[in-house]
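Asks: The structure is given below, and queries will be raised subsequently.
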Amino acid sequence: MNRSMPLYYTNVAACVDEMIRRVGKTIVFGMPLALGKSHPVVNELYRRAKNDPSISLTIISALALEKPGWKSELERRMMEPLVDRIWDGVPDLDYVTDIRRNNLPPNVTVREFFCKAGGFVGVAHAQQEYVSSNYTHVVRDLITHGINVYCHQIAKKEENGETLYSDSCNADIGDLVDYLMEESANGKPLVHIGHVNSHLPFMYGDAVNEPGRYHLILEDEAYHYPLFSVPKAPVDTQDHMIGLHVSSLVKDGGTLQIGIGSLGDAIASALVLRHSQPETYRRILESSGVEERYGDLIDRIGGRGPFHEGLYGATEMLVEVFISLYKAGIIKRKVYGDAAIQKLVNSGALQEELSAEAVDTLLQQEPYSPVLTETGFRTLKRFGVIRDDLAYKDYRIVNGKASWSADFREPENRRKVAEECKGERLKNGVLLHGGFFIGSNGFYDELRRMTDEERRQFEMTGVSQVNQLYGNETLRTLQRKDARFVNAGMILSILGNVCSDGLENGTVISGVGGQYNFVSMAHALPDARLIMMIRSTREKGAETLSNIVFSYGHTTVPRHLRDIVVTEYGIADLLGKSDKDVIAAILNITDSRFQNGLLDQAKKAGKIPADYEIPAMYRNNTPERLESLMAPFRKDSHFKPFPFGTDFTDQELVIGKALKSFKASLESDKLGTLKGLTGHLVRPVPSSASPYLERLNLHVPTSMKERLLQKVVVCALSSSGAL
């Protein structure tokens with residue numbers, strides 16, 4: 001059989017039959033994280049394993065996506081219409097359902113190297129089989145586990161009469177395919193499966209593959225299903241203040257990496273404000289005290305004004321807000337896949353609109369001088385430096401009518417090429433390199449609506465490329481100038497250790513992912529900075545806990561790699577500082593309710609002078625102060641809970657907030673909350689509650705249970721101020 005051509009299937013059962021025929025009944029089945037999983041293939045394979053104990057199945061992946069569920073009748077009324085609307089047609093992963101039910105058969109093992117944050121706390125199989133792996137080591141670890149099948153969703157496109165496929169949402173571990181194809185060609189029973197889904201946007205860069213890169217391809221109308229949507233989370237005051245601080249540390253003309261979620265949305269919202277309304281932005285910095293406290297740091301590494309040069313994105317995850325930043329005119333700095341070109345672009349000697357002088361300067365650089373080779377010619381042509389109508393033959397540039405010498409040892413030859421052969425503009429520049437993406441349905445629509453030319457500017461590649469410098473250090477260093485690698489942590493010790501992925505008892509919350517890569521790269525690049533975001537407090541029932549502690553029994557980023565830490569209360573620049581100064585800087589951005597206790601611990605440990613006092617200007621770090629600072633700007637429509645829109649209706653937002661507050665009140669003051677509910681039992685339902693009750697189908701209760709649920713909703717709405 002010719003392994004260079006794949007077998008095509010329109011039936012998933014037949015596809016799985018062939019897979020098992022090739023690799024046998026001991027199957028180590030790999031899938032990409034998040035969006036790229038093939039539900040039909042893995043569900044069919046899992047069904048076979050459940051029915052056939054002789055099959056030994058190990059599933060290795062990450063970030064299994066699940067539709068939200070419910071635990072009560074009221075939650076069902078709230079969530080079921082949402083699920084039907086947002087996730088209509090999206091299939092479930094059967095093995096995940098069985099993990100939740102503790103119903104996984106003994107011949108099946110599921111291992112993940114990254115989990116949805118908090119998604120598998122208390123789930124024994126998930127906790128025990130979790131594999132802690134650095135993102136750039138995942139391919140190595142998959143091979144160590146003996147992977148013999150890799151299966152993922154792909155996009156398909158006909159281009160110039162040729163069929164091409166794209167890894168689309170998951171080019172992150174494309175290096176694995178190199179291993180599978182090479183080893184299978186040497187006789188190893190390994191299988192690479194592509195499942196075509198027309199809902200995936202066709203993404204370019206290293207994501208593009210020819211048919212020969214697959215062994216099996218599954219495609220049928222039945223398997224073109226909608227993509228899993230991740231609705232935007234609300235951005236609260238904590239997040240907005242963190243985003244405001246981070247936005248001031250981003251340098252125009254630099255590089256940006258951020259992640260998904262409310263913190264990423266907060267950063268992007270502040271960057272858009274800085275770019276589009278710089279005067280308002282500066283006023284907010286001044287009134288919030290950011291300017292007074294951190295003005296010198298902002299001058300040194302960040303900025304306050306619009307993005308004239310713009311930013312380039314180098315991020316393992318192409319998050320939705322990068323598209324918002326692109327549309328706002330912020331993501332606009334293009335990079336080029338050639339070190340000589342990029343070096344001159346960085347210096348300003350080479351602009352997008354080409355001049356003969358600039359091209360002449362480029363042609364004096366290695367590897368284009370002293371003699372332009374055919375390889376160099378193709379590179380220059382690819383990036384528009386040389387016109388498309390020209391060819392290379394026998395050390396000459398030709399077009400059928402004229403020719404030019406490629407021997408630049410004679411300066412006149414070089415000058416003629418620069419003047420007579422140059423293109424009009426640089427081309428094939430890239431605005432962002434990403435490894436994978438996931439987001440809302442609106443995000444997917446944006447990508448699909450882009451023209452091919454526009455989408456080519458957002459190149460998908462492996463984490464081995466985007467998450468580290470190794471392999472092409474010179475080019476990547478030039479491209480990633482003034483990089484700001486922005487990551488989130490859960491717990492911060494006052495000595496600068498960061499915990500991001502788990503608890504000190506070993507419980508896995510999420511995973512390391514690529515965080516260490518960006519930490520390492522921030523220290524390796526001469527002008528980069530690592531920015532770790534920490535919410536200073538969290539709520540546990542009625543109790544407020546500090547996320548800044550004296551010490552913690554689990555560390556993700558050790559203190560010798562500390563750099564900048566941001567909380568809602570400020571910025572701590574820890575780079576190169578002594579322990580005493582690190583502690584002082586972190587205390588300055590700690591919630592004031594916890595400052596004295598932490599300071600006392602530091603003094604008892606002898607880590608800070610016994611007579612040290614926290615400066616008065618940092619002693620009012622309270623949520624109330626932040627709310628008062630934001631209030632006037634919220635009146636002007638700044639600091640919105642959903643700065644980039646939402647999939648939820650106005651009624652759903654109000655109901656969700658009210659029920660969440662009601663649940664918290666029950667936990668903190670059950671007697672008082674029930675007493676308030678009792679009062680509503682004897683009062684008529686206010687007319688203002690009608691749209692919310694209609695959304696929950698409780699406007700005309702037909703049973704005692706529905707009448708009670710109606711009163712609970714009215715009580716929750718009233719307590720939250722919605723009525």
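As shown in the structure tokens, the chain order sets the letters A, B, ...; within each chain, residues go from 1, and ligands are also counted from 1 in the order they appear.
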Compile the contact shell of Thr237 (chain A) as a PDB file with N, CA and C atoms, in the first residue's frame: residues with an atom at most 9 Å away, counting only C-alpha atoms, same-chain residues fewer than 5 positions apart removed.
Replies:
```
ATOM      1  N   ILE A 242      -6.666  45.273  37.209  1.00  0.00           N
ATOM      2  CA  ILE A 242      -5.470  44.539  36.786  1.00  0.00           C
ATOM      3  C   ILE A 242      -5.166  44.854  35.320  1.00  0.00           C
ATOM      4  N   GLU A 568      -4.950  44.003  41.453  1.00  0.00           N
ATOM      5  CA  GLU A 568      -5.848  45.133  41.236  1.00  0.00           C
ATOM      6  C   GLU A 568      -5.374  46.392  41.953  1.00  0.00           C
ATOM      7  N   PRO A 623     -11.502  47.106  48.304  1.00  0.00           N
ATOM      8  CA  PRO A 623     -12.454  47.055  47.186  1.00  0.00           C
ATOM      9  C   PRO A 623     -13.313  48.304  47.105  1.00  0.00           C
ATOM     10  N   LEU A 626     -11.582  51.060  45.188  1.00  0.00           N
ATOM     11  CA  LEU A 626     -11.560  50.804  43.754  1.00  0.00           C
ATOM     12  C   LEU A 626     -12.913  51.087  43.117  1.00  0.00           C
ATOM     13  N   GLU A 627     -13.973  50.691  43.798  1.00  0.00           N
ATOM     14  CA  GLU A 627     -15.309  50.944  43.263  1.00  0.00           C
ATOM     15  C   GLU A 627     -15.569  52.442  43.139  1.00  0.00           C
ATOM     16  N   MET A 630     -13.752  53.868  40.124  1.00  0.00           N
ATOM     17  CA  MET A 630     -14.314  53.484  38.833  1.00  0.00           C
ATOM     18  C   MET A 630     -15.679  54.105  38.563  1.00  0.00           C
ATOM     19  N   PHE A 639     -15.216  50.511  31.580  1.00  0.00           N
ATOM     20  CA  PHE A 639     -15.153  49.403  32.538  1.00  0.00           C
ATOM     21  C   PHE A 639     -16.466  48.610  32.572  1.00  0.00           C
ATOM     22  N   PRO A 641     -18.930  45.303  32.168  1.00  0.00           N
ATOM     23  CA  PRO A 641     -18.722  43.890  32.510  1.00  0.00           C
ATOM     24  C   PRO A 641     -18.453  43.022  31.282  1.00  0.00           C
TER      25      PRO A 641
END
```
Asks: Within 12 Å of Ser355 (chain A), counting only C-alpha atoms, which residues show up once you throw out same-chain ones fewer than 5 positions away? Write them as a PyMOL selection string, please.
Replies: chain A and resi 349-350+360-362+384-386+415+417-426
Asks: Work out how far apart CA of Asn620 (chain A) and CA of Asp591 (chain A) are and give it in Å to one decimal.
Replies: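 Between CA of Asn620 (chain A) and CA of Asp591 (chain A) the gap is 8.2 Å.
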Asks: Using only C-alpha atoms, which of the listed residues (A:Met490, A:Leu495, A:Leu717, A:Leu503) sits closest to Ala585 (chain A)?
Replies: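 Of A:Met490, A:Leu495, A:Leu717, A:Leu503, the one nearest Ala585 (chain A), counting only C-alpha atoms, is A:Leu495.
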Asks: Where in region 405-603 of chain A does DSSP assign helix (DSSP H, G or I), given as a PyMOL selection string?
Replies: chain A and resi 411-420+441-449+452-455+463-466+473-479+515-524+559-561+579-588+592-603
Asks: Determine, using only C-alpha atoms, which residues of region 495-574 of chain A have any atom at most 10 Å from an atom of region 302-323 of chain A, and tabulate each with its shortest atom pair and distance in Å to one decimal place, rows ordered by chain and then rising number, as CSV.
Replies:
```
residue,atom,partner,partner_atom,distance
A:Gly513,CA,A:Glu316,CA,9.5
A:Gly514,CA,A:Glu316,CA,7.4
A:Gln515,CA,A:Glu316,CA,9.7
A:Asn517,CA,A:Glu316,CA,10.0
A:Phe518,CA,A:Thr315,CA,9.2
```
Asks: Take the residues just selected and output them with N, CA and C atoms as a PDB file, in the first residue's frame.
Replies:
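The new file selection27.pdb reads:
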```
ATOM      1  N   GLY A 513       0.753  24.048  31.346  1.00  0.00           N
ATOM      2  CA  GLY A 513       0.613  24.566  29.994  1.00  0.00           C
ATOM      3  C   GLY A 513       1.912  25.168  29.502  1.00  0.00           C
ATOM      4  N   GLY A 514       1.823  26.353  28.914  1.00  0.00           N
ATOM      5  CA  GLY A 514       3.016  27.006  28.383  1.00  0.00           C
ATOM      6  C   GLY A 514       3.558  28.095  29.268  1.00  0.00           C
ATOM      7  N   GLN A 515       3.067  28.185  30.518  1.00  0.00           N
ATOM      8  CA  GLN A 515       3.470  29.309  31.350  1.00  0.00           C
ATOM      9  C   GLN A 515       4.973  29.372  31.561  1.00  0.00           C
ATOM     10  N   ASN A 517       7.289  28.342  29.645  1.00  0.00           N
ATOM     11  CA  ASN A 517       7.955  28.773  28.415  1.00  0.00           C
ATOM     12  C   ASN A 517       8.032  30.289  28.327  1.00  0.00           C
ATOM     13  N   PHE A 518       6.926  30.942  28.653  1.00  0.00           N
ATOM     14  CA  PHE A 518       6.910  32.400  28.540  1.00  0.00           C
ATOM     15  C   PHE A 518       7.707  33.048  29.667  1.00  0.00           C
TER      16      PHE A 518
END
```
Asks: Could you name the residues that touch region 455-458 of chain A at 8 Å or less, counting only C-alpha atoms, but leaving out those on the same chain fewer than 3 positions away, as number ranges by chain?
Replies: A: 203-205, 428-434, 447, 450-452
Asks: Keeping only C-alpha atoms, write the selected residues to a file as an mmCIF file, in the first residue's frame.
Replies:
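Listing of selection19.cif after writing:
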```
data_model
loop_
_atom_site.group_PDB
_atom_site.id
_atom_site.type_symbol
_atom_site.label_atom_id
_atom_site.label_comp_id
_atom_site.auth_asym_id
_atom_site.auth_seq_id
_atom_site.Cartn_x
_atom_site.Cartn_y
_atom_site.Cartn_z
ATOM 1 C CA MET A 203 -5.905 28.834 8.862
ATOM 2 C CA TYR A 204 -2.501 29.236 7.260
ATOM 3 C CA GLY A 205 1.144 28.978 8.270
ATOM 4 C CA ASN A 428 3.529 37.985 3.503
ATOM 5 C CA GLY A 429 4.008 39.828 6.769
ATOM 6 C CA VAL A 430 2.400 38.254 9.822
ATOM 7 C CA LEU A 431 0.491 40.069 12.565
ATOM 8 C CA LEU A 432 0.253 37.119 14.946
ATOM 9 C CA HIS A 433 1.638 33.644 15.460
ATOM 10 C CA GLY A 434 -0.505 31.305 17.530
ATOM 11 C CA LEU A 447 -12.337 34.160 11.326
ATOM 12 C CA MET A 450 -12.020 37.072 6.758
ATOM 13 C CA THR A 451 -10.628 36.860 3.257
ATOM 14 C CA ASP A 452 -7.830 34.353 2.727
#
```
Asks: With distances taken over only C-alpha atoms, which of A:Asp394, A:Phe383, A:Val566, A:Asn43 is nearest to Glu353 (chain A)?
Replies: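 Selected residue with least distance to Glu353 (chain A): A:Phe383.
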Asks: If you count only C-alpha atoms, which residues fall within 9 Å of region 594-611 of chain A, apart from same-chain ones fewer than 5 positions away, as a list in words?
Replies: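 What passes the distance filter is Ile494, Leu545, Ser546, Ile548, Val549, Phe550, Asp579, Lys580, Asp581, Ile583, Ala584, Leu587, Asn588 and Arg619 of chain A.
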Asks: Please produce a file of those selected residues containing N, CA and C atoms, as an mmCIF file, in the first residue's frame.
Replies:
```cif
data_model
loop_
_atom_site.group_PDB
_atom_site.id
_atom_site.type_symbol
_atom_site.label_atom_id
_atom_site.label_comp_id
_atom_site.auth_asym_id
_atom_site.auth_seq_id
_atom_site.Cartn_x
_atom_site.Cartn_y
_atom_site.Cartn_z
ATOM 1 N N ILE A 494 4.982 36.138 49.495
ATOM 2 C CA ILE A 494 5.587 37.469 49.597
ATOM 3 C C ILE A 494 7.065 37.464 49.204
ATOM 4 N N LEU A 545 -10.514 35.576 51.434
ATOM 5 C CA LEU A 545 -9.178 35.042 51.670
ATOM 6 C C LEU A 545 -8.169 35.789 50.813
ATOM 7 N N SER A 546 -6.961 35.901 51.316
ATOM 8 C CA SER A 546 -5.902 36.556 50.557
ATOM 9 C C SER A 546 -5.215 35.549 49.640
ATOM 10 N N ILE A 548 -2.390 36.417 48.407
ATOM 11 C CA ILE A 548 -0.989 36.706 48.706
ATOM 12 C C ILE A 548 -0.720 36.188 50.109
ATOM 13 N N VAL A 549 0.198 35.258 50.208
ATOM 14 C CA VAL A 549 0.436 34.550 51.466
ATOM 15 C C VAL A 549 1.925 34.601 51.807
ATOM 16 N N PHE A 550 2.246 34.218 53.030
ATOM 17 C CA PHE A 550 3.654 34.203 53.430
ATOM 18 C C PHE A 550 4.397 33.091 52.697
ATOM 19 N N ASP A 579 15.349 40.142 48.822
ATOM 20 C CA ASP A 579 14.148 39.624 49.478
ATOM 21 C C ASP A 579 13.407 40.712 50.239
ATOM 22 N N LYS A 580 14.151 41.551 50.934
ATOM 23 C CA LYS A 580 13.529 42.630 51.708
ATOM 24 C C LYS A 580 12.707 43.547 50.799
ATOM 25 N N ASP A 581 13.284 43.913 49.676
ATOM 26 C CA ASP A 581 12.597 44.823 48.765
ATOM 27 C C ASP A 581 11.449 44.133 48.033
ATOM 28 N N ILE A 583 9.545 41.749 49.340
ATOM 29 C CA ILE A 583 8.453 41.690 50.317
ATOM 30 C C ILE A 583 7.758 43.048 50.420
ATOM 31 N N ALA A 584 8.536 44.111 50.479
ATOM 32 C CA ALA A 584 7.948 45.450 50.586
ATOM 33 C C ALA A 584 7.091 45.773 49.362
ATOM 34 N N LEU A 587 3.831 43.672 49.464
ATOM 35 C CA LEU A 587 2.906 44.180 50.473
ATOM 36 C C LEU A 587 2.178 45.428 49.974
ATOM 37 N N ASN A 588 2.845 46.221 49.148
ATOM 38 C CA ASN A 588 2.217 47.431 48.615
ATOM 39 C C ASN A 588 1.032 47.137 47.702
ATOM 40 N N ARG A 619 -1.820 51.993 52.049
ATOM 41 C CA ARG A 619 -2.565 51.422 53.173
ATOM 42 C C ARG A 619 -4.071 51.470 52.966
#
```
Asks: Within 8 Å of Gly119 (chain A), counting only C-alpha atoms, which residues qualify if same-chain residues fewer than 2 places away don't, as number ranges by chain?
Replies: A: 115-117, 121, 509-510
Asks: For the residues in the current selection, export C-alpha atoms as a PDB file, in the first residue's frame.
Replies:
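Once written, again22.pdb looks like this:
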```pdb
ATOM      1  CA  CYS A 115      -7.709  20.709  32.637  1.00  0.00           C
ATOM      2  CA  LYS A 116     -10.416  23.315  32.552  1.00  0.00           C
ATOM      3  CA  ALA A 117      -9.707  25.479  35.606  1.00  0.00           C
ATOM      4  CA  VAL A 121     -11.450  18.886  41.440  1.00  0.00           C
ATOM      5  CA  ILE A 509      -6.700  22.902  39.183  1.00  0.00           C
ATOM      6  CA  SER A 510      -5.588  23.389  35.582  1.00  0.00           C
TER       7      SER A 510
END
```
Asks: Using DSSP on the backbone coordinates, identify the residues of region 225-467 of chain A assigned to strand (DSSP E or B); present them as a ChimeraX atom specification.
Replies: /A:255-257,311-318,331,335,353,371,386,391-393,396-398,403-405,407,422,425,430,432-437,458-460
Asks: Might you pull out every residue within 10 Å of Ala542 (chain A), with only C-alpha atoms counted and same-chain residues fewer than 2 positions away left off, and present them as a list in words?
Replies: Glu539, Lys540, Thr544, Leu545, Ala664, Ser665, Leu666, Glu667, Ser668 and Asp669 of chain A
